[in-house]
$ cat protein-v2.cif   # mmCIF, C-alpha atoms
data_input
#
loop_
_atom_site.group_PDB
_atom_site.id
_atom_site.type_symbol
_atom_site.label_atom_id
_atom_site.label_comp_id
_atom_site.auth_asym_id
_atom_site.auth_seq_id
_atom_site.Cartn_x
_atom_site.Cartn_y
_atom_site.Cartn_z
ATOM 1 C CA MET A 1 179.488 219.387 161.650
ATOM 2 C CA THR A 2 181.426 220.866 158.757
ATOM 3 C CA GLN A 3 180.590 220.414 155.091
ATOM 4 C CA LEU A 4 183.500 218.032 154.658
ATOM 5 C CA GLU A 5 182.366 215.720 157.442
ATOM 6 C CA PHE A 6 178.869 215.759 156.018
ATOM 7 C CA LEU A 7 180.113 214.920 152.543
ATOM 8 C CA ASN A 8 182.145 212.048 153.963
ATOM 9 C CA ILE A 9 179.004 210.579 155.454
ATOM 10 C CA VAL A 10 176.869 211.199 152.386
ATOM 11 C CA THR A 11 179.182 210.373 149.492
ATOM 12 C CA PRO A 12 179.096 206.567 149.838
ATOM 13 C CA PHE A 13 175.362 206.390 149.328
ATOM 14 C CA LYS A 14 174.382 209.478 147.366
ATOM 15 C CA ASP A 15 174.545 207.521 144.096
ATOM 16 C CA LYS A 16 172.243 204.920 145.571
ATOM 17 C CA VAL A 17 169.790 207.616 146.563
ATOM 18 C CA PHE A 18 169.936 208.967 143.031
ATOM 19 C CA ARG A 19 169.383 205.584 141.401
ATOM 20 C CA LEU A 20 166.500 204.789 143.699
ATOM 21 C CA ALA A 21 164.905 208.135 142.900
ATOM 22 C CA LYS A 22 165.431 207.498 139.221
ATOM 23 C CA ARG A 23 163.870 204.063 139.458
ATOM 24 C CA LEU A 24 160.726 205.607 140.855
ATOM 25 C CA LEU A 25 160.602 208.928 139.028
ATOM 26 C CA VAL A 26 162.081 207.627 135.736
ATOM 27 C CA SER A 27 163.345 211.026 134.614
ATOM 28 C CA THR A 28 166.990 211.810 135.329
ATOM 29 C CA GLU A 29 166.291 215.476 136.063
ATOM 30 C CA GLU A 30 163.547 214.659 138.518
ATOM 31 C CA ALA A 31 165.804 212.131 140.181
ATOM 32 C CA GLU A 32 168.591 214.684 140.477
ATOM 33 C CA ASP A 33 166.243 217.175 142.060
ATOM 34 C CA ALA A 34 164.977 214.528 144.445
ATOM 35 C CA THR A 35 168.514 213.592 145.439
ATOM 36 C CA GLN A 36 169.426 217.193 146.081
ATOM 37 C CA GLU A 37 166.287 217.654 148.098
ATOM 38 C CA VAL A 38 167.034 214.609 150.236
ATOM 39 C CA LEU A 39 170.631 215.684 150.808
ATOM 40 C CA ILE A 40 169.606 219.218 151.714
ATOM 41 C CA LYS A 41 167.088 217.846 154.184
ATOM 42 C CA LEU A 42 169.835 215.750 155.727
ATOM 43 C CA TRP A 43 172.140 218.759 155.849
ATOM 44 C CA ASN A 44 169.548 220.925 157.502
ATOM 45 C CA ASN A 45 169.038 218.288 160.143
ATOM 46 C CA LYS A 46 172.733 217.619 160.505
ATOM 47 C CA ALA A 47 172.530 218.118 164.243
ATOM 48 C CA LYS A 48 170.428 214.970 164.488
ATOM 49 C CA ILE A 49 172.541 212.884 162.137
ATOM 50 C CA GLN A 50 174.513 211.269 164.947
ATOM 51 C CA GLU A 51 171.318 210.005 166.504
ATOM 52 C CA TYR A 52 170.354 207.961 163.459
ATOM 53 C CA LYS A 53 171.518 204.397 163.732
ATOM 54 C CA ASN A 54 171.900 203.949 160.032
ATOM 55 C CA VAL A 55 172.083 207.144 158.026
ATOM 56 C CA GLU A 56 172.096 205.264 154.746
ATOM 57 C CA ALA A 57 168.935 203.278 155.456
ATOM 58 C CA PHE A 58 167.328 206.407 156.810
ATOM 59 C CA SER A 59 168.148 208.337 153.634
ATOM 60 C CA MET A 60 166.812 205.545 151.462
ATOM 61 C CA THR A 61 163.530 205.592 153.347
ATOM 62 C CA MET A 62 163.454 209.351 153.045
ATOM 63 C CA THR A 63 164.067 209.121 149.304
ATOM 64 C CA LYS A 64 161.325 206.563 148.898
ATOM 65 C CA ASN A 65 158.843 208.734 150.769
ATOM 66 C CA TYR A 66 159.901 211.854 148.917
ATOM 67 C CA CYS A 67 159.476 210.142 145.542
ATOM 68 C CA PHE A 68 156.081 208.779 146.468
ATOM 69 C CA ASP A 69 155.035 212.280 147.482
ATOM 70 C CA LYS A 70 156.312 213.598 144.171
ATOM 71 C CA LEU A 71 154.472 210.938 142.220
ATOM 72 C CA LYS A 72 151.292 211.569 144.134
ATOM 73 C CA SER A 73 151.396 215.288 143.520
ATOM 74 C CA LYS A 74 152.103 214.665 139.849
ATOM 75 C CA GLN A 75 149.165 212.312 139.602
ATOM 76 C CA ALA A 76 146.957 214.794 141.392
ATOM 77 C CA GLN A 77 147.889 217.408 138.833
ATOM 78 C CA ASN A 78 147.254 214.844 136.141
ATOM 79 C CA LEU A 79 150.741 215.437 134.826
ATOM 80 C CA LYS A 80 152.796 212.602 133.642
ATOM 81 C CA ILE A 81 156.517 212.781 134.148
ATOM 82 C CA VAL A 82 157.914 212.823 130.693
ATOM 83 C CA HIS A 83 161.324 211.418 130.684
ATOM 84 C CA SER A 84 163.683 212.580 128.041
ATOM 85 C CA ASN A 85 167.127 211.451 128.939
ATOM 86 C CA TYR A 86 168.803 212.587 125.805
ATOM 87 C CA GLU A 87 172.238 211.189 125.463
ATOM 88 C CA ASP A 88 174.687 210.992 122.682
ATOM 89 C CA LYS A 89 175.218 207.280 122.420
ATOM 90 C CA GLN A 90 176.311 207.369 118.831
ATOM 91 C CA THR A 91 179.364 205.134 119.021
ATOM 92 C CA ALA A 92 177.961 202.776 121.646
ATOM 93 C CA LEU A 93 174.812 202.438 119.615
ATOM 94 C CA GLN A 94 176.550 201.349 116.510
ATOM 95 C CA LYS A 95 178.587 198.773 118.344
ATOM 96 C CA GLN A 96 176.005 197.232 120.582
ATOM 97 C CA VAL A 97 172.639 197.876 119.075
ATOM 98 C CA GLU A 98 171.416 194.445 119.854
ATOM 99 C CA LEU A 99 172.603 194.255 123.416
ATOM 100 C CA ASN A 100 171.426 197.760 124.179
ATOM 101 C CA ASP A 101 168.091 196.911 122.753
ATOM 102 C CA SER A 102 167.548 193.932 124.980
ATOM 103 C CA VAL A 103 168.891 195.803 127.991
ATOM 104 C CA HIS A 104 166.469 198.544 127.141
ATOM 105 C CA TRP A 105 163.742 195.946 127.204
ATOM 106 C CA VAL A 106 164.647 195.103 130.770
ATOM 107 C CA GLU A 107 164.323 198.752 131.707
ATOM 108 C CA LYS A 108 160.901 198.932 130.106
ATOM 109 C CA ILE A 109 159.767 195.773 131.857
ATOM 110 C CA ILE A 110 160.913 197.074 135.227
ATOM 111 C CA GLU A 111 159.187 200.375 134.584
ATOM 112 C CA ALA A 112 155.962 198.503 134.058
ATOM 113 C CA LEU A 113 156.189 196.815 137.452
ATOM 114 C CA PRO A 114 154.243 198.113 140.455
ATOM 115 C CA GLU A 115 156.147 200.709 142.471
ATOM 116 C CA GLN A 116 156.735 198.427 145.424
ATOM 117 C CA GLN A 117 158.313 195.726 143.269
ATOM 118 C CA ARG A 118 160.368 198.291 141.410
ATOM 119 C CA LEU A 119 161.758 199.520 144.699
ATOM 120 C CA ILE A 120 162.617 196.039 145.867
ATOM 121 C CA ILE A 121 164.283 195.055 142.602
ATOM 122 C CA GLN A 122 166.311 198.247 142.757
ATOM 123 C CA LEU A 123 167.376 197.720 146.351
ATOM 124 C CA ARG A 124 168.120 194.032 146.035
ATOM 125 C CA ASP A 125 169.393 193.370 142.541
ATOM 126 C CA ILE A 126 171.087 196.654 141.839
ATOM 127 C CA GLU A 127 172.135 198.017 145.200
ATOM 128 C CA GLU A 128 172.539 194.556 146.735
ATOM 129 C CA TYR A 129 171.121 195.227 150.166
ATOM 130 C CA ASP A 130 170.286 192.582 152.779
ATOM 131 C CA PHE A 131 166.695 191.498 153.113
ATOM 132 C CA ASP A 132 166.708 192.844 156.643
ATOM 133 C CA GLU A 133 167.925 196.242 155.489
ATOM 134 C CA ILE A 134 165.327 196.383 152.719
ATOM 135 C CA ALA A 135 162.605 195.397 155.155
ATOM 136 C CA LYS A 136 163.673 198.212 157.472
ATOM 137 C CA MET A 137 163.893 200.773 154.674
ATOM 138 C CA LEU A 138 160.498 199.964 153.288
ATOM 139 C CA ASP A 139 158.875 199.322 156.621
ATOM 140 C CA MET A 140 157.769 195.843 155.556
ATOM 141 C CA ASN A 141 158.445 192.430 156.993
ATOM 142 C CA ASN A 142 161.085 190.116 155.655
ATOM 143 C CA THR A 143 158.780 187.578 154.011
ATOM 144 C CA ALA A 144 156.735 190.243 152.276
ATOM 145 C CA VAL A 145 159.941 191.565 150.725
ATOM 146 C CA ARG A 146 160.898 188.085 149.536
ATOM 147 C CA VAL A 147 157.475 187.448 148.058
ATOM 148 C CA ALA A 148 157.413 190.777 146.221
ATOM 149 C CA LEU A 149 160.943 190.219 144.968
ATOM 150 C CA SER A 150 160.111 186.750 143.738
ATOM 151 C CA ARG A 151 157.058 188.063 141.902
ATOM 152 C CA ALA A 152 159.039 190.860 140.308
ATOM 153 C CA ARG A 153 161.806 188.514 139.194
ATOM 154 C CA LYS A 154 159.339 186.044 137.723
ATOM 155 C CA THR A 155 157.536 188.792 135.834
ATOM 156 C CA ILE A 156 160.785 190.089 134.402
ATOM 157 C CA ARG A 157 161.871 186.596 133.364
ATOM 158 C CA GLU A 158 158.510 185.797 131.750
ATOM 159 C CA LYS A 159 158.406 188.990 129.751
ATOM 160 C CA LEU A 160 162.030 188.650 128.751
ATOM 161 C CA THR A 161 161.444 185.084 127.589
ATOM 162 C CA ASN A 162 158.478 186.308 125.573
ATOM 163 C CA THR A 163 160.467 189.023 123.847
ATOM 164 C CA HIS A 164 163.412 186.712 123.409
ATOM 165 C CA ASN A 165 161.337 184.070 121.714
ATOM 166 C CA TYR A 166 159.223 186.512 119.769
ATOM 167 C CA GLY A 167 158.780 185.248 116.257
ATOM 168 C CA ILE A 168 160.477 181.957 117.055
ATOM 169 C CA LYS A 169 157.817 180.118 118.978
ATOM 170 C CA MET B 1 178.054 170.660 135.954
ATOM 171 C CA VAL B 2 178.390 174.439 136.078
ATOM 172 C CA LEU B 3 175.243 174.763 134.032
ATOM 173 C CA ASN B 4 173.339 172.543 136.430
ATOM 174 C CA ASN B 5 174.478 174.640 139.309
ATOM 175 C CA ILE B 6 173.435 177.848 137.565
ATOM 176 C CA GLU B 7 170.018 176.477 136.763
ATOM 177 C CA LYS B 8 169.480 175.554 140.376
ATOM 178 C CA LEU B 9 170.598 178.986 141.447
ATOM 179 C CA LEU B 10 168.224 180.571 138.964
ATOM 180 C CA GLU B 11 165.307 178.687 140.419
ATOM 181 C CA LYS B 12 166.257 179.779 143.909
ATOM 182 C CA TYR B 13 166.763 183.267 142.576
ATOM 183 C CA GLU B 14 163.271 183.436 141.197
ATOM 184 C CA ASN B 15 161.860 182.367 144.512
ATOM 185 C CA GLY B 16 163.770 185.127 146.238
ATOM 186 C CA GLU B 17 165.808 182.646 148.259
ATOM 187 C CA THR B 18 169.305 183.317 147.023
ATOM 188 C CA SER B 19 171.877 185.000 149.197
ATOM 189 C CA LEU B 20 173.763 188.032 147.987
ATOM 190 C CA LYS B 21 176.792 185.841 147.306
ATOM 191 C CA GLU B 22 174.830 183.452 145.123
ATOM 192 C CA GLU B 23 173.381 186.372 143.234
ATOM 193 C CA GLN B 24 176.903 187.606 142.669
ATOM 194 C CA VAL B 25 177.769 184.219 141.157
ATOM 195 C CA LEU B 26 174.809 184.530 138.796
ATOM 196 C CA LYS B 27 175.768 188.049 137.797
ATOM 197 C CA ASN B 28 179.327 186.970 137.098
ATOM 198 C CA TYR B 29 178.151 184.025 135.025
ATOM 199 C CA PHE B 30 175.798 186.099 132.906
ATOM 200 C CA SER B 31 178.250 188.904 132.373
ATOM 201 C CA GLY B 32 180.711 186.389 130.922
ATOM 202 C CA SER B 33 180.715 185.450 127.281
ATOM 203 C CA ASN B 34 179.896 181.715 127.486
ATOM 204 C CA VAL B 35 176.257 181.718 128.495
ATOM 205 C CA ALA B 36 174.281 178.609 127.606
ATOM 206 C CA PRO B 37 171.874 179.350 124.716
ATOM 207 C CA GLN B 38 168.787 178.251 126.628
ATOM 208 C CA LEU B 39 169.600 180.799 129.333
ATOM 209 C CA GLU B 40 170.309 183.613 126.892
ATOM 210 C CA MET B 41 167.202 185.561 127.915
ATOM 211 C CA TYR B 42 168.575 186.136 131.394
ATOM 212 C CA LYS B 43 171.604 187.863 130.066
ATOM 213 C CA PRO B 44 170.104 191.321 129.440
ATOM 214 C CA MET B 45 168.559 191.286 132.895
ATOM 215 C CA PHE B 46 171.831 190.779 134.715
ATOM 216 C CA THR B 47 173.695 193.055 132.349
ATOM 217 C CA TYR B 48 171.134 195.713 133.092
ATOM 218 C CA PHE B 49 171.574 195.289 136.834
ATOM 219 C CA LEU B 50 175.324 195.551 136.573
ATOM 220 C CA ALA B 51 175.169 198.544 134.253
ATOM 221 C CA ASN B 52 172.787 200.326 136.590
ATOM 222 C CA GLN B 53 175.083 199.956 139.531
ATOM 223 C CA LYS B 54 177.479 202.275 137.798
ATOM 224 C CA GLU B 55 175.145 205.178 137.306
ATOM 225 C CA GLN B 56 176.251 208.126 139.380
ATOM 226 C CA PHE B 57 174.869 211.295 140.765
ATOM 227 C CA THR B 58 176.902 213.961 139.027
ATOM 228 C CA LYS B 59 175.186 217.123 140.157
ATOM 229 C CA ASP B 60 176.949 218.823 143.007
ATOM 230 C CA VAL B 61 175.261 219.170 146.313
ATOM 231 C CA PRO B 62 174.310 222.750 147.098
ATOM 232 C CA LEU B 63 175.244 222.871 150.753
ATOM 233 C CA LYS B 64 174.478 226.268 152.072
ATOM 234 C CA THR B 65 175.621 226.965 155.548
ATOM 235 C CA LYS B 66 172.285 228.162 156.703
ATOM 236 C CA GLN B 67 172.360 231.927 156.830
ATOM 237 C CA ASN B 68 169.688 232.173 159.374
ATOM 238 C CA PHE B 69 170.005 235.898 159.860
ATOM 239 C CA ASN B 70 167.391 236.888 162.355
ATOM 240 C CA TYR B 71 166.268 240.453 162.062
ATOM 241 C CA LYS B 72 165.048 240.457 165.639
ATOM 242 C CA TRP B 73 168.692 240.552 166.720
ATOM 243 C CA ILE B 74 169.055 243.920 165.012
ATOM 244 C CA SER B 75 166.376 245.361 167.289
ATOM 245 C CA VAL B 76 168.055 243.802 170.298
ATOM 246 C CA ALA B 77 171.343 245.385 169.269
ATOM 247 C CA ALA B 78 169.647 248.746 168.709
ATOM 248 C CA VAL B 79 168.107 248.655 172.201
ATOM 249 C CA ILE B 80 171.466 247.847 173.730
ATOM 250 C CA VAL B 81 173.152 250.698 171.857
ATOM 251 C CA LEU B 82 170.430 253.103 172.990
ATOM 252 C CA MET B 83 170.742 252.033 176.608
ATOM 253 C CA ILE B 84 174.524 252.438 176.557
ATOM 254 C CA GLY B 85 174.055 255.852 174.989
ATOM 255 C CA PHE B 86 171.664 256.984 177.717
ATOM 256 C CA TYR B 87 173.919 255.642 180.421
ATOM 257 C CA ILE B 88 177.021 257.443 179.134
ATOM 258 C CA GLY B 89 175.058 260.682 178.671
ATOM 259 C CA LYS B 90 173.848 260.523 182.261
ATOM 260 C CA VAL B 91 177.357 260.023 183.627
ATOM 261 C CA ASN B 92 178.699 263.067 181.745
ATOM 262 C CA HIS B 93 175.969 265.419 182.897
ATOM 263 C CA SER B 94 175.715 264.544 186.585
ATOM 264 C CA ASN B 95 175.251 267.549 188.987
ATOM 265 C CA ASP B 96 177.862 266.438 191.423
ATOM 266 C CA LEU B 97 179.907 269.615 192.138
ATOM 267 C CA GLY B 98 181.844 268.223 195.068
ATOM 268 C CA THR B 99 181.388 268.974 198.782
ATOM 269 C CA TYR B 100 183.424 270.142 201.786
ATOM 270 C CA ASP B 101 183.754 268.156 204.948
ATOM 271 C CA ASP B 102 185.329 270.935 207.123
ATOM 272 C CA PRO B 103 182.681 273.602 208.034
ATOM 273 C CA GLN B 104 185.354 276.307 208.392
ATOM 274 C CA LEU B 105 186.688 275.609 204.933
ATOM 275 C CA ALA B 106 183.175 275.516 203.607
ATOM 276 C CA PHE B 107 182.448 278.924 205.206
ATOM 277 C CA ASN B 108 185.624 280.385 203.725
ATOM 278 C CA GLU B 109 184.815 279.119 200.290
ATOM 279 C CA PHE B 110 181.264 280.330 200.628
ATOM 280 C CA SER B 111 182.293 283.814 201.684
ATOM 281 C CA LYS B 112 184.859 283.883 198.899
ATOM 282 C CA SER B 113 182.274 283.111 196.319
ATOM 283 C CA MET B 114 179.817 285.595 197.911
ATOM 284 C CA GLU B 115 182.544 288.258 197.767
ATOM 285 C CA LEU B 116 183.013 287.519 194.128
ATOM 286 C CA ILE B 117 179.305 287.926 193.586
ATOM 287 C CA SER B 118 179.117 291.194 195.532
ATOM 288 C CA ASN B 119 182.139 292.566 193.653
ATOM 289 C CA GLN B 120 180.420 291.983 190.393
ATOM 290 C CA PHE B 121 177.246 293.394 191.892
ATOM 291 C CA ASN B 122 179.022 296.594 192.968
ATOM 292 C CA LYS B 123 180.416 296.999 189.504
ATOM 293 C CA GLY B 124 176.855 296.928 188.287
ATOM 294 C CA THR B 125 175.618 299.479 190.810
ATOM 295 C CA ALA B 126 178.583 301.775 190.063
ATOM 296 C CA THR B 127 177.321 302.280 186.573
ATOM 297 C CA VAL B 128 173.912 303.001 188.014
ATOM 298 C CA GLY B 129 175.620 305.964 189.787
ATOM 299 C CA TYR B 130 175.301 307.958 186.583
ATOM 300 C CA LEU B 131 171.636 308.254 187.384
ATOM 301 C CA ASN B 132 172.659 310.899 189.988
ATOM 302 C CA GLU B 133 173.635 313.151 187.102
ATOM 303 C CA VAL B 134 170.118 312.848 185.830
ATOM 304 C CA ASN B 135 168.853 313.962 189.244
ATOM 305 C CA LYS B 136 171.182 316.973 189.063
ATOM 306 C CA GLY B 137 169.717 317.812 185.724
ATOM 307 C CA THR B 138 166.197 317.671 187.001
ATOM 308 C CA SER B 139 167.120 319.864 189.979
ATOM 309 C CA THR B 140 168.389 322.592 187.632
ATOM 310 C CA LEU B 141 165.038 322.354 185.977
ATOM 311 C CA GLY B 142 163.777 323.869 189.262
ATOM 312 C CA TYR B 143 164.942 327.238 187.935
ATOM 313 C CA LEU B 144 162.097 327.023 185.504
ATOM 314 C CA ASN B 145 159.808 327.594 188.452
ATOM 315 C CA GLU B 146 161.460 330.979 188.910
ATOM 316 C CA ILE B 147 160.591 331.829 185.325
ATOM 317 C CA GLU B 148 157.058 330.681 185.914
ATOM 318 C CA ASN B 149 156.763 332.894 188.973
ATOM 319 C CA SER B 150 157.879 335.944 187.013
ATOM 320 C CA THR B 151 155.457 335.241 184.181
ATOM 321 C CA ARG B 152 152.640 334.807 186.683
ATOM 322 C CA ILE B 153 153.392 338.223 188.092
ATOM 323 C CA ILE B 154 153.308 339.746 184.641
ATOM 324 C CA PHE B 155 149.950 338.173 183.729
ATOM 325 C CA LYS B 156 148.391 339.327 186.991
ATOM 326 C CA ASN B 157 148.775 342.903 185.894
#

$ encode --input "protein-v2.cif" --output "structure tokens"
Amino acid sequence: MTQLEFLNIVTPFKDKVFRLAKRLLVSTEEAEDATQEVLIKLWNNKAKIQEYKNVEAFSMTMTKNYCFDKLKSKQAQNLKIVHSNYEDKQTALQKQVELNDSVHWVEKIIEALPEQQRLIIQLRDIEEYDFDEIAKMLDMNNTAVRVALSRARKTIREKLTNTHNYGIK
Amino acid sequence: MVLNNIEKLLEKYENGETSLKEEQVLKNYFSGSNVAPQLEMYKPMFTYFLANQKEQFTKDVPLKTKQNFNYKWISVAAVIVLMIGFYIGKVNHSNDLGTYDDPQLAFNEFSKSMELISNQFNKGTATVGYLNEVNKGTSTLGYLNEIENSTRIIFKN
């Protein structure tokens, strides 16, 4: 398999891998490293790639496992991943302070969710995968995914309502 | 009417029962500008989801064609080179001088080469012939005996 063929397989979902990694690891740099790591692992095992039924689902599972490993090793070292995604949002900030602020709230709320729910929200609401696909990726059954998703969505809505109504009610 | 529909969808959504299509309807509704005020709090959530879909992995993928250079192959190559070297050396230095099938021819060749040897040998012995001169010299020394005889006679007296 040449590099071009490999890239053709990988390109459609490499952003999804990155976003999933970022959802779990929070920091952009860590997520980039994780994505590279996952892609390199795929590349090194390129001989087996044809055997996988669904390369995308397989990569997502791989990413999930890799991130969990990362998080575990970080916790073991008692190091917290400090995320510092510095960006120059000067113009956007001035225009949409309010919107950005509430969107930022959503990010914070999702970050506070348990890892499992974070994963499911990411896969369902952002990447828009089927329940069956999510169940396969996370090695869970369909109903468990639905229940976790429902819990996550309710939590987000409750917290958002609280912040939204803060100072009013 | 639309609002009613959206509210129903939201309830289903929270129970995790919506299909992807229905979720798309919700996302479209909340990304629009006319969101009902009582549903305002959902807006950032769906905006966030939509915004996050656009985030991309910008780092390039470092695909190295694995340079799995095995040093053991160097030793294999060295052994092969050595063996070829020995083989070629052996071929060049073989003792095969050729042979004759006809005994007569073989005898002729043999005698020819023996003649050559004896010729050279005779040349050698010819130079040894000078030794005869030495013998001549020593024989003349025999005259010294005569002198000795005469001296003996003298001393007897």

$ closest_atom_pairs --input "protein-v2.cif" --of "chain B" --to "chain A" --cutoff "8 Å" --atoms "all atoms listed in the file" --output "CSV"
residue,atom,partner,partner_atom,distance
B:Tyr13,CA,A:Ser150,CA,7.6
B:Glu14,CA,A:Ser150,CA,5.2
B:Asn15,CA,A:Ser150,CA,4.8
B:Gly16,CA,A:Ser150,CA,4.7
B:Glu17,CA,A:Arg146,CA,7.4
B:Leu20,CA,A:Glu128,CA,6.8
B:Met41,CA,A:Thr161,CA,5.8
B:Tyr42,CA,A:Arg157,CA,7.0
B:Pro44,CA,A:Val103,CA,4.9
B:Met45,CA,A:Val106,CA,5.9
B:Thr47,CA,A:Val103,CA,7.0
B:Tyr48,CA,A:Val103,CA,5.6
B:Phe49,CA,A:Ile126,CA,5.2
B:Leu50,CA,A:Ile126,CA,6.8
B:Asn52,CA,A:Ile126,CA,6.6
B:Gln53,CA,A:Ile126,CA,5.7
B:Glu55,CA,A:Arg19,CA,7.1
B:Gln56,CA,A:Asp15,CA,5.1
B:Phe57,CA,A:Asp15,CA,5.0
B:Lys59,CA,A:Glu32,CA,7.0
B:Val61,CA,A:Gln36,CA,6.2
B:Pro62,CA,A:Gln36,CA,7.5
B:Leu63,CA,A:Ile40,CA,6.8
B:Lys66,CA,A:Asn44,CA,7.8

$ write_last_selection --input "protein-v2.cif" --atoms "C-alpha atoms" --output "JSON list (two decimals), in the frame of the given file"
[["chain", "number", "residue", "atom", "x", "y", "z"],
["B", 13, "TYR", "CA", 166.76, 183.27, 142.58],
["B", 14, "GLU", "CA", 163.27, 183.44, 141.20],
["B", 15, "ASN", "CA", 161.86, 182.37, 144.51],
["B", 16, "GLY", "CA", 163.77, 185.13, 146.24],
["B", 17, "GLU", "CA", 165.81, 182.65, 148.26],
["B", 20, "LEU", "CA", 173.76, 188.03, 147.99],
["B", 41, "MET", "CA", 167.20, 185.56, 127.92],
["B", 42, "TYR", "CA", 168.58, 186.14, 131.39],
["B", 44, "PRO", "CA", 170.10, 191.32, 129.44],
["B", 45, "MET", "CA", 168.56, 191.29, 132.90],
["B", 47, "THR", "CA", 173.70, 193.06, 132.35],
["B", 48, "TYR", "CA", 171.13, 195.71, 133.09],
["B", 49, "PHE", "CA", 171.57, 195.29, 136.83],
["B", 50, "LEU", "CA", 175.32, 195.55, 136.57],
["B", 52, "ASN", "CA", 172.79, 200.33, 136.59],
["B", 53, "GLN", "CA", 175.08, 199.96, 139.53],
["B", 55, "GLU", "CA", 175.14, 205.18, 137.31],
["B", 56, "GLN", "CA", 176.25, 208.13, 139.38],
["B", 57, "PHE", "CA", 174.87, 211.30, 140.76],
["B", 59, "LYS", "CA", 175.19, 217.12, 140.16],
["B", 61, "VAL", "CA", 175.26, 219.17, 146.31],
["B", 62, "PRO", "CA", 174.31, 222.75, 147.10],
["B", 63, "LEU", "CA", 175.24, 222.87, 150.75],
["B", 66, "LYS", "CA", 172.28, 228.16, 156.70]]

$ residues_near_point --input "protein-v2.cif" --point "(155.3, 198.1, 146.2)" --cutoff "10 Å" --atoms "all atoms listed in the file" --output "ChimeraX atom specification"
/A:113-120,138,140,145,148-149

$ atom_distance --input "protein-v2.cif" --atom1 "CA of Glu40 (chain B)" --atom2 "CA of Ile6 (chain B)"
12.5 Å

$ atom_distance --input "protein-v2.cif" --atom1 "CA of Glu30 (chain A)" --atom2 "CA of Tyr66 (chain A)"
11.4 Å

$ atom_distance --input "protein-v2.cif" --atom1 "CA of Asp69 (chain A)" --atom2 "CA of Leu42 (chain A)"
17.3 Å

$ residues_around --input "protein-v2.cif" --residues "Phe46 (chain B)" --least-positions-apart "6" --cutoff "9 Å" --atoms "only C-alpha atoms" --output "ChimeraX atom specification"
/A:103,125 /B:26-28,30-31

$ axis_aligned_box --input "protein-v2.cif" --around "region 128-141 of chain A" --padding-each-side "4 Å" --output "AutoDock Vina command-line options"
--center_x 165.2 --center_y 196.1 --center_z 152.1 --size_x 22.8 --size_y 17.3 --size_z 18.7
